[in-house]
Structure formats: structure tokens, C-alpha cells
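Asks: The structure file my_file39.pdb (PDB, C-alpha atoms, pLDDT in the B column) is provided below.
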```
ATOM      1  CA  MET A   6      -5.955 -20.945  -8.660  1.00 63.00           C
ATOM      2  CA  ALA A   7      -4.707 -19.488  -5.391  1.00 70.00           C
ATOM      3  CA  ILE A   8      -1.002 -19.280  -4.669  1.00 80.00           C
ATOM      4  CA  VAL A   9       0.252 -21.780  -2.107  1.00 85.00           C
ATOM      5  CA  GLU A  10       3.701 -21.936  -0.581  1.00 87.00           C
ATOM      6  CA  ALA A  11       4.443 -25.388  -1.997  1.00 89.00           C
ATOM      7  CA  THR A  12       3.780 -24.120  -5.531  1.00 87.00           C
ATOM      8  CA  ILE A  13       6.122 -21.161  -5.050  1.00 87.00           C
ATOM      9  CA  LEU A  14       8.856 -23.432  -3.710  1.00 89.00           C
ATOM     10  CA  ALA A  15       8.470 -25.810  -6.636  1.00 89.00           C
ATOM     11  CA  ARG A  16       8.550 -23.013  -9.208  1.00 87.00           C
ATOM     12  CA  ILE A  17      11.604 -21.322  -7.738  1.00 85.00           C
ATOM     13  CA  ARG A  18      13.515 -24.601  -7.587  1.00 87.00           C
ATOM     14  CA  ALA A  19      12.464 -25.581 -11.115  1.00 87.00           C
ATOM     15  CA  LEU A  20      13.400 -22.210 -12.621  1.00 81.00           C
ATOM     16  CA  SER A  21      16.642 -21.656 -10.715  1.00 81.00           C
ATOM     17  CA  GLY A  22      17.827 -25.180 -10.112  1.00 83.00           C
ATOM     18  CA  PHE A  23      18.326 -24.439  -6.403  1.00 88.00           C
ATOM     19  CA  SER A  24      18.307 -27.678  -4.446  1.00 88.00           C
ATOM     20  CA  THR A  25      17.427 -27.998  -0.778  1.00 90.00           C
ATOM     21  CA  THR A  26      21.173 -28.119  -0.179  1.00 88.00           C
ATOM     22  CA  ALA A  27      21.632 -24.706  -1.814  1.00 88.00           C
ATOM     23  CA  ILE A  28      18.657 -23.139   0.005  1.00 91.00           C
ATOM     24  CA  SER A  29      16.732 -25.169   2.555  1.00 92.00           C
ATOM     25  CA  ASP A  30      12.947 -25.245   2.627  1.00 91.00           C
ATOM     26  CA  ALA A  31      13.060 -23.453   5.986  1.00 92.00           C
ATOM     27  CA  ASP A  32      15.131 -20.588   4.553  1.00 93.00           C
ATOM     28  CA  MET A  33      12.984 -20.472   1.418  1.00 92.00           C
ATOM     29  CA  THR A  34       9.919 -20.116   3.632  1.00 92.00           C
ATOM     30  CA  LEU A  35      11.552 -17.100   5.303  1.00 94.00           C
ATOM     31  CA  ILE A  36      12.333 -15.637   1.859  1.00 93.00           C
ATOM     32  CA  ILE A  37       8.693 -16.036   0.838  1.00 92.00           C
ATOM     33  CA  ALA A  38       7.580 -14.317   4.066  1.00 93.00           C
ATOM     34  CA  ALA A  39      10.003 -11.431   3.414  1.00 94.00           C
ATOM     35  CA  ALA A  40       8.715 -11.159  -0.165  1.00 94.00           C
ATOM     36  CA  LEU A  41       5.132 -11.065   1.111  1.00 93.00           C
ATOM     37  CA  ASP A  42       5.986  -8.165   3.424  1.00 93.00           C
ATOM     38  CA  GLU A  43       7.589  -6.237   0.563  1.00 94.00           C
ATOM     39  CA  TYR A  44       4.735  -7.074  -1.810  1.00 93.00           C
ATOM     40  CA  SER A  45       2.273  -5.710   0.754  1.00 93.00           C
ATOM     41  CA  SER A  46       4.025  -2.340   0.702  1.00 91.00           C
ATOM     42  CA  PHE A  47       3.339  -2.130  -3.049  1.00 92.00           C
ATOM     43  CA  ARG A  48       0.026  -3.952  -3.412  1.00 90.00           C
ATOM     44  CA  PRO A  49      -1.716  -4.441  -0.076  1.00 93.00           C
ATOM     45  CA  GLU A  50      -5.222  -5.731   0.403  1.00 92.00           C
ATOM     46  CA  ILE A  51      -7.719  -2.850   0.696  1.00 93.00           C
ATOM     47  CA  GLU A  52     -10.522  -3.357   3.194  1.00 95.00           C
ATOM     48  CA  LEU A  53     -13.524  -1.350   4.365  1.00 96.00           C
ATOM     49  CA  THR A  54     -14.722  -1.603   7.932  1.00 96.00           C
ATOM     50  CA  THR A  55     -18.113  -3.170   8.549  1.00 94.00           C
ATOM     51  CA  SER A  56     -20.831  -1.750  10.778  1.00 90.00           C
ATOM     52  CA  GLY A  57     -19.352  -3.794  13.605  1.00 92.00           C
ATOM     53  CA  THR A  58     -15.761  -2.624  13.106  1.00 93.00           C
ATOM     54  CA  ALA A  59     -16.357   0.992  12.064  1.00 96.00           C
ATOM     55  CA  LEU A  60     -15.336   3.820  14.360  1.00 95.00           C
ATOM     56  CA  THR A  61     -18.082   4.794  16.798  1.00 96.00           C
ATOM     57  CA  THR A  62     -17.943   8.432  17.785  1.00 95.00           C
ATOM     58  CA  VAL A  63     -17.750   9.538  21.382  1.00 96.00           C
ATOM     59  CA  LYS A  64     -18.808  13.097  22.145  1.00 93.00           C
ATOM     60  CA  ASP A  65     -15.796  15.437  22.522  1.00 93.00           C
ATOM     61  CA  GLN A  66     -13.310  12.612  21.738  1.00 96.00           C
ATOM     62  CA  PRO A  67     -11.211  13.333  18.622  1.00 95.00           C
ATOM     63  CA  ASN A  68      -8.823  10.318  18.579  1.00 97.00           C
ATOM     64  CA  TYR A  69      -9.660   6.691  17.753  1.00 97.00           C
ATOM     65  CA  ALA A  70      -7.707   3.456  17.292  1.00 96.00           C
ATOM     66  CA  MET A  71      -6.864   2.310  13.775  1.00 96.00           C
ATOM     67  CA  PRO A  72      -8.609  -0.832  12.502  1.00 96.00           C
ATOM     68  CA  THR A  73      -6.956  -4.109  13.456  1.00 94.00           C
ATOM     69  CA  GLY A  74      -4.257  -5.061  10.953  1.00 93.00           C
ATOM     70  CA  ALA A  75      -4.197  -1.667   9.218  1.00 96.00           C
ATOM     71  CA  LEU A  76      -0.878  -0.808   7.564  1.00 94.00           C
ATOM     72  CA  TRP A  77      -2.063   2.682   6.672  1.00 95.00           C
ATOM     73  CA  ILE A  78      -5.322   4.553   6.225  1.00 96.00           C
ATOM     74  CA  VAL A  79      -6.688   5.168   2.728  1.00 96.00           C
ATOM     75  CA  GLY A  80      -9.773   7.154   3.693  1.00 95.00           C
ATOM     76  CA  VAL A  81     -12.118   7.982   6.570  1.00 96.00           C
ATOM     77  CA  PHE A  82     -15.766   8.710   5.765  1.00 94.00           C
ATOM     78  CA  TRP A  83     -16.330  11.260   8.493  1.00 93.00           C
ATOM     79  CA  HIS A  84     -19.451  13.406   8.135  1.00 86.00           C
ATOM     80  CA  PRO A  85     -19.949  15.452  11.319  1.00 85.00           C
ATOM     81  CA  ASP A  86     -23.425  16.083  12.659  1.00 72.00           C
ATOM     82  CA  ILE A  87     -23.950  19.824  12.264  1.00 64.00           C
ATOM     83  CA  SER A  88     -27.717  19.875  12.619  1.00 57.00           C
ATOM     84  CA  ASP A  89     -27.487  21.574  16.015  1.00 53.00           C
ATOM     85  CA  ASP A  90     -24.730  23.987  15.043  1.00 53.00           C
ATOM     86  CA  GLU A  91     -26.503  27.355  15.219  1.00 50.00           C
ATOM     87  CA  SER A  92     -23.471  29.313  14.049  1.00 54.00           C
ATOM     88  CA  LEU A  93     -23.295  27.236  10.855  1.00 56.00           C
ATOM     89  CA  GLU A  94     -27.033  27.599  10.346  1.00 55.00           C
ATOM     90  CA  ASP A  95     -26.645  31.365  10.606  1.00 61.00           C
ATOM     91  CA  LEU A  96     -23.911  31.333   7.976  1.00 58.00           C
ATOM     92  CA  TYR A  97     -26.069  29.401   5.526  1.00 57.00           C
ATOM     93  CA  PHE A  98     -28.992  31.706   6.271  1.00 58.00           C
ATOM     94  CA  GLN A  99     -26.878  34.746   5.471  1.00 61.00           C
ATOM     95  CA  VAL A 100     -25.707  33.267   2.186  1.00 59.00           C
ATOM     96  CA  GLU A 101     -29.186  32.096   1.168  1.00 58.00           C
ATOM     97  CA  ASN A 102     -30.656  35.550   1.707  1.00 57.00           C
ATOM     98  CA  GLN A 103     -28.181  37.314  -0.517  1.00 61.00           C
ATOM     99  CA  SER A 104     -29.538  38.610  -3.785  1.00 61.00           C
ATOM    100  CA  PHE A 105     -27.743  39.015  -7.063  1.00 59.00           C
ATOM    101  CA  ASP A 106     -28.227  41.078 -10.187  1.00 62.00           C
ATOM    102  CA  ALA A 107     -29.460  38.946 -13.084  1.00 62.00           C
ATOM    103  CA  LEU A 108     -27.454  41.150 -15.412  1.00 65.00           C
ATOM    104  CA  HIS A 109     -24.319  40.142 -13.566  1.00 65.00           C
ATOM    105  CA  PRO A 110     -24.405  36.319 -13.218  1.00 67.00           C
ATOM    106  CA  SER A 111     -20.867  36.348 -11.876  1.00 71.00           C
ATOM    107  CA  GLU A 112     -22.390  37.444  -8.568  1.00 71.00           C
ATOM    108  CA  LEU A 113     -24.139  34.042  -8.374  1.00 66.00           C
ATOM    109  CA  THR A 114     -20.764  32.376  -8.796  1.00 73.00           C
ATOM    110  CA  ILE A 115     -19.515  34.313  -5.780  1.00 73.00           C
ATOM    111  CA  ILE A 116     -22.452  33.011  -3.725  1.00 69.00           C
ATOM    112  CA  TYR A 117     -21.722  29.417  -4.787  1.00 71.00           C
ATOM    113  CA  GLN A 118     -18.078  29.909  -3.848  1.00 75.00           C
ATOM    114  CA  ARG A 119     -19.150  31.015  -0.380  1.00 71.00           C
ATOM    115  CA  TYR A 120     -21.210  27.850  -0.012  1.00 68.00           C
ATOM    116  CA  ALA A 121     -18.169  25.832  -1.050  1.00 71.00           C
ATOM    117  CA  TYR A 122     -15.961  27.579   1.517  1.00 69.00           C
ATOM    118  CA  ILE A 123     -18.491  26.849   4.265  1.00 67.00           C
ATOM    119  CA  ARG A 124     -18.675  23.173   3.301  1.00 67.00           C
ATOM    120  CA  LYS A 125     -14.885  22.944   3.110  1.00 66.00           C
ATOM    121  CA  PHE A 126     -14.490  24.455   6.558  1.00 64.00           C
ATOM    122  CA  PHE A 127     -17.117  22.312   8.276  1.00 67.00           C
ATOM    123  CA  GLN A 128     -16.821  19.050   6.338  1.00 75.00           C
ATOM    124  CA  GLY A 129     -15.285  16.042   8.067  1.00 85.00           C
ATOM    125  CA  ARG A 130     -11.538  15.559   7.787  1.00 89.00           C
ATOM    126  CA  TYR A 131      -9.035  13.327   9.510  1.00 94.00           C
ATOM    127  CA  GLN A 132      -5.359  13.015  10.390  1.00 95.00           C
ATOM    128  CA  VAL A 133      -3.324  10.020  11.490  1.00 96.00           C
ATOM    129  CA  ILE A 134      -1.253  11.088  14.515  1.00 96.00           C
ATOM    130  CA  ASP A 135       0.823   8.720  16.655  1.00 94.00           C
ATOM    131  CA  GLY A 136      -0.914   5.702  15.183  1.00 94.00           C
ATOM    132  CA  GLU A 137      -4.425   6.991  15.869  1.00 97.00           C
ATOM    133  CA  ILE A 138      -7.149   8.464  13.671  1.00 97.00           C
ATOM    134  CA  TRP A 139      -8.076  11.999  14.693  1.00 97.00           C
ATOM    135  CA  LEU A 140     -11.453  13.243  13.467  1.00 95.00           C
ATOM    136  CA  ILE A 141     -11.756  16.927  12.543  1.00 90.00           C
ATOM    137  CA  PRO A 142     -13.901  18.572  13.783  1.00 87.00           C
ATOM    138  CA  THR A 143     -14.247  16.709  17.071  1.00 90.00           C
ATOM    139  CA  PRO A 144     -17.532  14.774  17.215  1.00 91.00           C
ATOM    140  CA  ASN A 145     -20.258  16.601  19.124  1.00 87.00           C
ATOM    141  CA  VAL A 146     -22.479  13.517  19.519  1.00 89.00           C
ATOM    142  CA  SER A 147     -21.876   9.889  20.488  1.00 93.00           C
ATOM    143  CA  GLY A 148     -22.864   6.768  18.582  1.00 93.00           C
ATOM    144  CA  ASN A 149     -22.260   7.776  14.969  1.00 93.00           C
ATOM    145  CA  LYS A 150     -20.614   5.097  12.794  1.00 95.00           C
ATOM    146  CA  VAL A 151     -17.608   6.213  10.745  1.00 96.00           C
ATOM    147  CA  ALA A 152     -16.390   3.838   8.015  1.00 96.00           C
ATOM    148  CA  VAL A 153     -12.635   3.508   7.411  1.00 97.00           C
ATOM    149  CA  LEU A 154     -10.909   2.351   4.215  1.00 97.00           C
ATOM    150  CA  PHE A 155      -7.498   0.903   5.000  1.00 96.00           C
ATOM    151  CA  ALA A 156      -4.601  -1.139   3.636  1.00 95.00           C
ATOM    152  CA  THR A 157      -3.750  -4.453   5.230  1.00 94.00           C
ATOM    153  CA  ALA A 158      -1.089  -7.069   4.533  1.00 93.00           C
ATOM    154  CA  ALA A 159      -1.525  -9.275   1.483  1.00 90.00           C
ATOM    155  CA  THR A 160      -1.910 -13.003   2.094  1.00 89.00           C
ATOM    156  CA  LEU A 161      -1.052 -15.987  -0.062  1.00 88.00           C
ATOM    157  CA  ALA A 162      -4.607 -17.266   0.353  1.00 85.00           C
ATOM    158  CA  ALA A 163      -5.985 -14.118  -1.307  1.00 84.00           C
ATOM    159  CA  MET A 164      -3.573 -14.168  -4.256  1.00 83.00           C
ATOM    160  CA  ASP A 165      -4.159 -15.687  -7.647  1.00 80.00           C
ATOM    161  CA  LEU A 166      -1.317 -17.619  -9.244  1.00 72.00           C
ATOM    162  CA  VAL A 167      -1.805 -15.928 -12.621  1.00 76.00           C
ATOM    163  CA  SER A 168      -2.732 -12.355 -11.767  1.00 79.00           C
ATOM    164  CA  ASP A 169      -0.138 -12.146  -8.985  1.00 81.00           C
ATOM    165  CA  ASN A 170       2.732 -13.789 -10.859  1.00 84.00           C
ATOM    166  CA  LEU A 171       4.955 -10.822  -9.968  1.00 89.00           C
ATOM    167  CA  PHE A 172       4.955 -12.098  -6.403  1.00 90.00           C
ATOM    168  CA  VAL A 173       6.523 -15.370  -7.540  1.00 89.00           C
ATOM    169  CA  ARG A 174       9.144 -13.396  -9.480  1.00 90.00           C
ATOM    170  CA  LEU A 175       9.851 -11.311  -6.384  1.00 93.00           C
ATOM    171  CA  CYS A 176      10.440 -14.504  -4.399  1.00 92.00           C
ATOM    172  CA  SER A 177      12.708 -15.843  -7.137  1.00 91.00           C
ATOM    173  CA  GLY A 178      14.766 -12.634  -7.249  1.00 92.00           C
ATOM    174  CA  LEU A 179      15.271 -12.668  -3.479  1.00 93.00           C
ATOM    175  CA  ALA A 180      16.306 -16.330  -3.656  1.00 92.00           C
ATOM    176  CA  GLN A 181      18.871 -15.531  -6.356  1.00 91.00           C
ATOM    177  CA  VAL A 182      20.332 -12.715  -4.266  1.00 91.00           C
ATOM    178  CA  ARG A 183      20.499 -15.013  -1.252  1.00 91.00           C
ATOM    179  CA  ARG A 184      22.271 -17.743  -3.223  1.00 88.00           C
ATOM    180  CA  GLY A 185      24.581 -15.211  -4.878  1.00 87.00           C
ATOM    181  CA  ASN A 186      25.592 -13.864  -1.468  1.00 86.00           C
ATOM    182  CA  ASP A 187      26.307 -17.413  -0.272  1.00 83.00           C
ATOM    183  CA  LEU A 188      28.540 -18.188  -3.246  1.00 82.00           C
ATOM    184  CA  THR A 189      30.312 -14.826  -3.088  1.00 83.00           C
ATOM    185  CA  SER A 190      31.074 -15.047   0.616  1.00 77.00           C
ATOM    186  CA  GLY A 191      32.314 -18.616   0.169  1.00 64.00           C
ATOM    187  CA  GLY A 192      34.385 -17.849  -2.917  1.00 61.00           C
ATOM    188  CA  GLY A 193      37.785 -19.534  -3.114  1.00 55.00           C
ATOM    189  CA  PHE A 194      36.718 -22.410  -0.873  1.00 56.00           C
ATOM    190  CA  ARG A 195      38.111 -25.771  -1.979  1.00 58.00           C
ATOM    191  CA  ALA A 196      37.632 -29.257  -0.544  1.00 53.00           C
ATOM    192  CA  GLY A 197      39.178 -31.945  -2.706  1.00 56.00           C
ATOM    193  CA  SER A 198      37.588 -31.726  -6.128  1.00 58.00           C
ATOM    194  CA  TYR A 199      34.842 -29.432  -4.841  1.00 56.00           C
ATOM    195  CA  ARG A 200      35.466 -25.739  -5.414  1.00 61.00           C
ATOM    196  CA  VAL A 201      33.370 -22.612  -4.908  1.00 60.00           C
ATOM    197  CA  ASP A 202      33.968 -19.885  -7.510  1.00 68.00           C
ATOM    198  CA  ALA A 203      33.188 -16.367  -6.260  1.00 72.00           C
ATOM    199  CA  GLN A 204      32.684 -15.178  -9.837  1.00 79.00           C
ATOM    200  CA  VAL A 205      29.627 -17.423 -10.181  1.00 77.00           C
ATOM    201  CA  GLY A 206      28.223 -15.900  -7.014  1.00 78.00           C
ATOM    202  CA  ARG A 207      28.782 -12.356  -8.256  1.00 85.00           C
ATOM    203  CA  ALA A 208      27.047 -13.157 -11.546  1.00 86.00           C
ATOM    204  CA  MET A 209      24.068 -14.657  -9.740  1.00 84.00           C
ATOM    205  CA  LEU A 210      23.956 -11.726  -7.317  1.00 86.00           C
ATOM    206  CA  THR A 211      23.873  -9.265 -10.217  1.00 89.00           C
ATOM    207  CA  ALA A 212      21.162 -11.230 -12.017  1.00 88.00           C
ATOM    208  CA  GLY A 213      19.061 -11.400  -8.877  1.00 89.00           C
ATOM    209  CA  GLN A 214      19.398  -7.684  -8.198  1.00 90.00           C
ATOM    210  CA  LYS A 215      18.403  -6.842 -11.782  1.00 92.00           C
ATOM    211  CA  GLU A 216      15.348  -9.070 -11.503  1.00 90.00           C
ATOM    212  CA  LEU A 217      14.357  -7.411  -8.228  1.00 92.00           C
ATOM    213  CA  ASP A 218      14.790  -3.927  -9.700  1.00 91.00           C
ATOM    214  CA  HIS A 219      12.607  -4.874 -12.662  1.00 90.00           C
ATOM    215  CA  VAL A 220       9.883  -6.494 -10.572  1.00 91.00           C
ATOM    216  CA  ARG A 221       9.773  -3.581  -8.113  1.00 92.00           C
ATOM    217  CA  VAL A 222       9.246  -1.133 -10.973  1.00 91.00           C
ATOM    218  CA  LEU A 223       6.375  -3.269 -12.262  1.00 90.00           C
ATOM    219  CA  LEU A 224       4.843  -3.582  -8.793  1.00 90.00           C
ATOM    220  CA  ALA A 225       4.944   0.187  -8.359  1.00 88.00           C
ATOM    221  CA  ASN A 226       3.357   0.735 -11.800  1.00 82.00           C
ATOM    222  CA  ALA A 227       6.299   3.045 -12.466  1.00 66.00           C
ATOM    223  CA  TYR A 228       8.701   3.714 -15.303  1.00 60.00           C
ATOM    224  CA  GLN A 229      12.234   2.535 -15.866  1.00 53.00           C
ATOM    225  CA  ALA A 230      14.864   4.617 -17.618  1.00 54.00           C
ATOM    226  CA  THR A 231      16.575   3.081 -20.643  1.00 50.00           C
ATOM    227  CA  SER A 232      19.304   4.229 -23.020  1.00 50.00           C
ATOM    228  CA  GLN A 233      17.090   4.433 -26.099  1.00 50.00           C
ATOM    229  CA  GLY A 234      17.244   8.154 -26.759  1.00 46.00           C
ATOM    230  CA  ALA A 235      13.747   9.588 -27.120  1.00 43.00           C
ATOM    231  CA  ARG A 236      12.296   6.458 -25.507  1.00 44.00           C
ATOM    232  CA  SER A 237      14.170   7.034 -22.299  1.00 42.00           C
ATOM    233  CA  ALA A 238      11.098   6.514 -20.111  1.00 45.00           C
ATOM    234  CA  THR A 239       9.533   3.247 -21.150  1.00 45.00           C
ATOM    235  CA  PRO A 240       6.865   1.400 -19.154  1.00 46.00           C
ATOM    236  CA  ARG A 241       7.975  -2.068 -18.216  1.00 43.00           C
TER
END
```
Any chance you could put this one into C-alpha cells?
Replies:
Amino acid sequence: MAIVEATILARIRALSGFSTTAISDADMTLIIAAALDEYSSFRPEIELTTSGTALTTVKDQPNYAMPTGALWIVGVFWHPDISDDESLEDLYFQVENQSFDALHPSELTIIYQRYAYIRKFFQGRYQVIDGEIWLIPTPNVSGNKVAVLFATAATLAAMDLVSDNLFVRLCSGLAQVRRGNDLTSGGGFRAGSYRVDAQVGRAMLTAGQKELDHVRVLLANAYQATSQGARSATPR
């Protein structure tokens, strides 16, 4: 079942007891949006360009726009056309015509290493500079399609309520921190029998921050230090 905003709101309110008076639906919606942005930095959607959205090379043009919605580039499948490169052809010809002594097979290894160096030097590479993809070497022909693998923002519509439960916990932690800040900043306020205790706010703030720390470690597939001696680096 896909995650929907109404389900997240209901779960946070049920688990925390936050009423619409404590945190309005409008503010909770902003919290969910902020959580989605943070979640995307850990677990974005990964997309591959189609034939219609792939980069199309232009002769002697090295720089190209990033795909629409790309947060960062994961990979660029750039394979330059070297069929007309006479200098490269000469290099391969020289390597192919080398002979080696069968009694010394290590010489064959040297030849293979030379092939590898040639491929490494002439194979397609890329760099992201000033928000653009730069192809290396510069294309020498126009019209070649270059596929791009890139990260884009996660969406609620693409999430599953079970497999992406950490997102709901992230929202809940941010809501706790928000409510804790409210209670702390309003501590000592009294109106008749109504009183705001700053200590409650500090406790909620601490609990929310701990939950966020824990969830962020899980989202990053990282490790969290504990005080258990030899088990000081325990996956959470």
C-alpha cells in the first residue's frame, strides 16, 4: 500500500497524541515535506534516461545539461566513437604486432597491461562541473545517445507504507522536535489553571532528537556507537 499524507498524519497523531491544536495540519504538512527532502538525500529515486531524454552528442561540444529533476549524477554511459581515430588505431596496431617469448609468459601480461592503459586513456569519462555534465573526451561526432543514471527526489506516491516505514518515523521525530521546541520556548507560561512546563518540552525535544539520530543512522545504512565494550559498533 502506498504512503499517503493522510495516513502519515493519522499515524503521527495516534502515536504521539499531538492534536491539531498542538500542531496544525498545515504545519504537519510542512514537516512531512521537510522529511521528504531529507529522506531523498539518503534514499532518492534512481532513474535512467530513456532514448528520448538521453544526452545527444554534438560534435566538439563537451558540456550538456543534467536531466530534469536530477539531484546528482550516479553514472554516465559515455562510449566515444573512436573508429576514425587513426592515432588510436596505430597504437593498437603497434601492440598487436608485438611478439613475446613463450618461455616468458610474463611478457604477455605486459602486452595486456598496455591494452588496458590504452582503453583507460581513451574510454569515456565524465565530470559534473557547474551543474553540467562534461563528457571526456569531447565527442567528435553528433547524434550519439548517451544514457545517464541519476538520483531524483523521492515521492510519497512511489513509497510503500511497509518498506518505507522509516520515512514515517522520520516525520514523527521531526514532529516531536517541533512540539518540544514549542513547549520549551513557552515554558513558565500560566493562564489560570493552564500551565506550560518547560521540563516537559525539554524531555520531548530530547526524545525527538534521539529518534531522529536513530532513524538517520538506519537510513544511511551506517553504524551507531554504543557503550558495550567489544560491541562498540553495532548495526541498528
Asks: Quick one: residues within 10 Å of Pro72 in chain A, all atoms listed in the file counted, chain neighbours fewer than 6 positions away excluded, as a ChimeraX atom specification?
Replies: /A:52-54,58-60,78,137-138,153-157
Asks: I want to know what sits within 12 Å of Phe23 in chain A, based on all atoms listed in the file, with residues of the same chain fewer than 2 positions away left out; could you give that as a list in words?
Replies: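 Once the adjacent positions are removed, what remains is Leu14, Ala15, Arg16, Ile17, Arg18, Ala19, Leu20, Ser21, Thr25, Thr26, Ala27, Ile28, Ser29, Asp30, Met33, Ser177, Ala180, Gln181, Arg183, Arg184, Gly185 and Met209 of chain A.
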Asks: In Å, with one decimal, what is the gap from CA of Ala70 in chain A to CA of Ala225 in chain A?
Replies: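 Going from CA of Ala70 in chain A over to CA of Ala225 in chain A covers 28.8 Å.
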Asks: Please return the centre and edge lengths, in Å to one decimal, of a box with edges along x, y and z that contains all listed atoms of range 127-134 of chain A, widened by 5 Å on every side, as AutoDock Vina command-line options.
Replies:
```
--center_x -9.2 --center_y 16.2 --center_z 10.4 --size_x 25.9 --size_y 22.3 --size_z 18.2
```
Asks: Need to verify the contact set: Val182 in chain A, 9 Å, only C-alpha atoms, exclusion of same-chain residues closer than 5 positions in sequence. Can you return it as a list of chain:residue names?
Replies: A:Ser177, A:Asp187, A:Gly206, A:Met209, A:Leu210, A:Thr211, A:Ala212, A:Gly213, A:Gln214, A:Leu217
Asks: Just the number, please: distance in Å from CA of Leu35 in chain A to CA of Phe172 in chain A, one decimal.
Replies: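 The value is 14.3 Å.
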Asks: With distances taken over all atoms listed in the file, which residue among A:Ser147, A:Asn226, A:Thr114, A:Ser56 lies nearest Leu171 in chain A?
Replies: A:Asn226
Asks: Nearest to Arg48 in chain A: which of A:Val133, A:Leu175, A:Ser168, A:Ala159 is it, counting all atoms listed in the file?
Replies: A:Ala159
Asks: Report, in Å with one decimal, the straight-line distance from CA of Thr189 in chain A to CA of Arg174 in chain A.
Replies: 22.2 Å
Asks: Where does the PyMOL selection byres ((chain A and resi 45) around 9) land in this file, that is, which residues does it pick, as a PyMOL selection string?
Replies: chain A and resi 40-44+46-50+76+156-160
Asks: What would range 35-51 of chain A look like with N, CA and C atoms in place, written as an mmCIF file, in the coordinates of the input?
Replies:
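Everything below was put into rebuild.cif:
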```cif
data_model
loop_
_atom_site.group_PDB
_atom_site.id
_atom_site.type_symbol
_atom_site.label_atom_id
_atom_site.label_comp_id
_atom_site.auth_asym_id
_atom_site.auth_seq_id
_atom_site.Cartn_x
_atom_site.Cartn_y
_atom_site.Cartn_z
ATOM 1 N N LEU A 35 11.269 -18.445 4.794
ATOM 2 C CA LEU A 35 11.552 -17.100 5.303
ATOM 3 C C LEU A 35 11.653 -16.093 4.155
ATOM 4 N N ILE A 36 12.228 -16.513 3.026
ATOM 5 C CA ILE A 36 12.333 -15.637 1.859
ATOM 6 C C ILE A 36 10.938 -15.285 1.339
ATOM 7 N N ILE A 37 10.063 -16.281 1.297
ATOM 8 C CA ILE A 37 8.693 -16.036 0.838
ATOM 9 C C ILE A 37 7.985 -15.071 1.783
ATOM 10 N N ALA A 38 8.195 -15.219 3.089
ATOM 11 C CA ALA A 38 7.580 -14.317 4.066
ATOM 12 C C ALA A 38 8.101 -12.892 3.881
ATOM 13 N N ALA A 39 9.422 -12.757 3.642
ATOM 14 C CA ALA A 39 10.003 -11.431 3.414
ATOM 15 C C ALA A 39 9.440 -10.812 2.128
ATOM 16 N N ALA A 40 9.277 -11.642 1.097
ATOM 17 C CA ALA A 40 8.715 -11.159 -0.165
ATOM 18 C C ALA A 40 7.274 -10.709 0.026
ATOM 19 N N LEU A 41 6.529 -11.424 0.855
ATOM 20 C CA LEU A 41 5.132 -11.065 1.111
ATOM 21 C C LEU A 41 5.034 -9.713 1.814
ATOM 22 N N ASP A 42 5.958 -9.464 2.748
ATOM 23 C CA ASP A 42 5.986 -8.165 3.424
ATOM 24 C C ASP A 42 6.270 -7.042 2.426
ATOM 25 N N GLU A 43 7.247 -7.273 1.546
ATOM 26 C CA GLU A 43 7.589 -6.237 0.563
ATOM 27 C C GLU A 43 6.450 -6.049 -0.435
ATOM 28 N N TYR A 44 5.853 -7.142 -0.866
ATOM 29 C CA TYR A 44 4.735 -7.074 -1.810
ATOM 30 C C TYR A 44 3.583 -6.257 -1.217
ATOM 31 N N SER A 45 3.359 -6.428 0.087
ATOM 32 C CA SER A 45 2.273 -5.710 0.754
ATOM 33 C C SER A 45 2.492 -4.207 0.741
ATOM 34 N N SER A 46 3.751 -3.778 0.731
ATOM 35 C CA SER A 46 4.025 -2.340 0.702
ATOM 36 C C SER A 46 3.693 -1.741 -0.665
ATOM 37 N N PHE A 47 3.692 -2.587 -1.705
ATOM 38 C CA PHE A 47 3.339 -2.130 -3.049
ATOM 39 C C PHE A 47 1.857 -2.354 -3.343
ATOM 40 N N ARG A 48 1.391 -3.570 -3.052
ATOM 41 C CA ARG A 48 0.026 -3.952 -3.412
ATOM 42 C C ARG A 48 -0.669 -4.634 -2.230
ATOM 43 N N PRO A 49 -1.044 -3.854 -1.239
ATOM 44 C CA PRO A 49 -1.716 -4.441 -0.076
ATOM 45 C C PRO A 49 -3.161 -4.791 -0.397
ATOM 46 N N GLU A 50 -3.773 -5.533 0.484
ATOM 47 C CA GLU A 50 -5.222 -5.731 0.403
ATOM 48 C C GLU A 50 -5.895 -4.450 0.915
ATOM 49 N N ILE A 51 -6.971 -4.038 0.263
ATOM 50 C CA ILE A 51 -7.719 -2.850 0.696
ATOM 51 C C ILE A 51 -9.048 -3.316 1.278
#
```
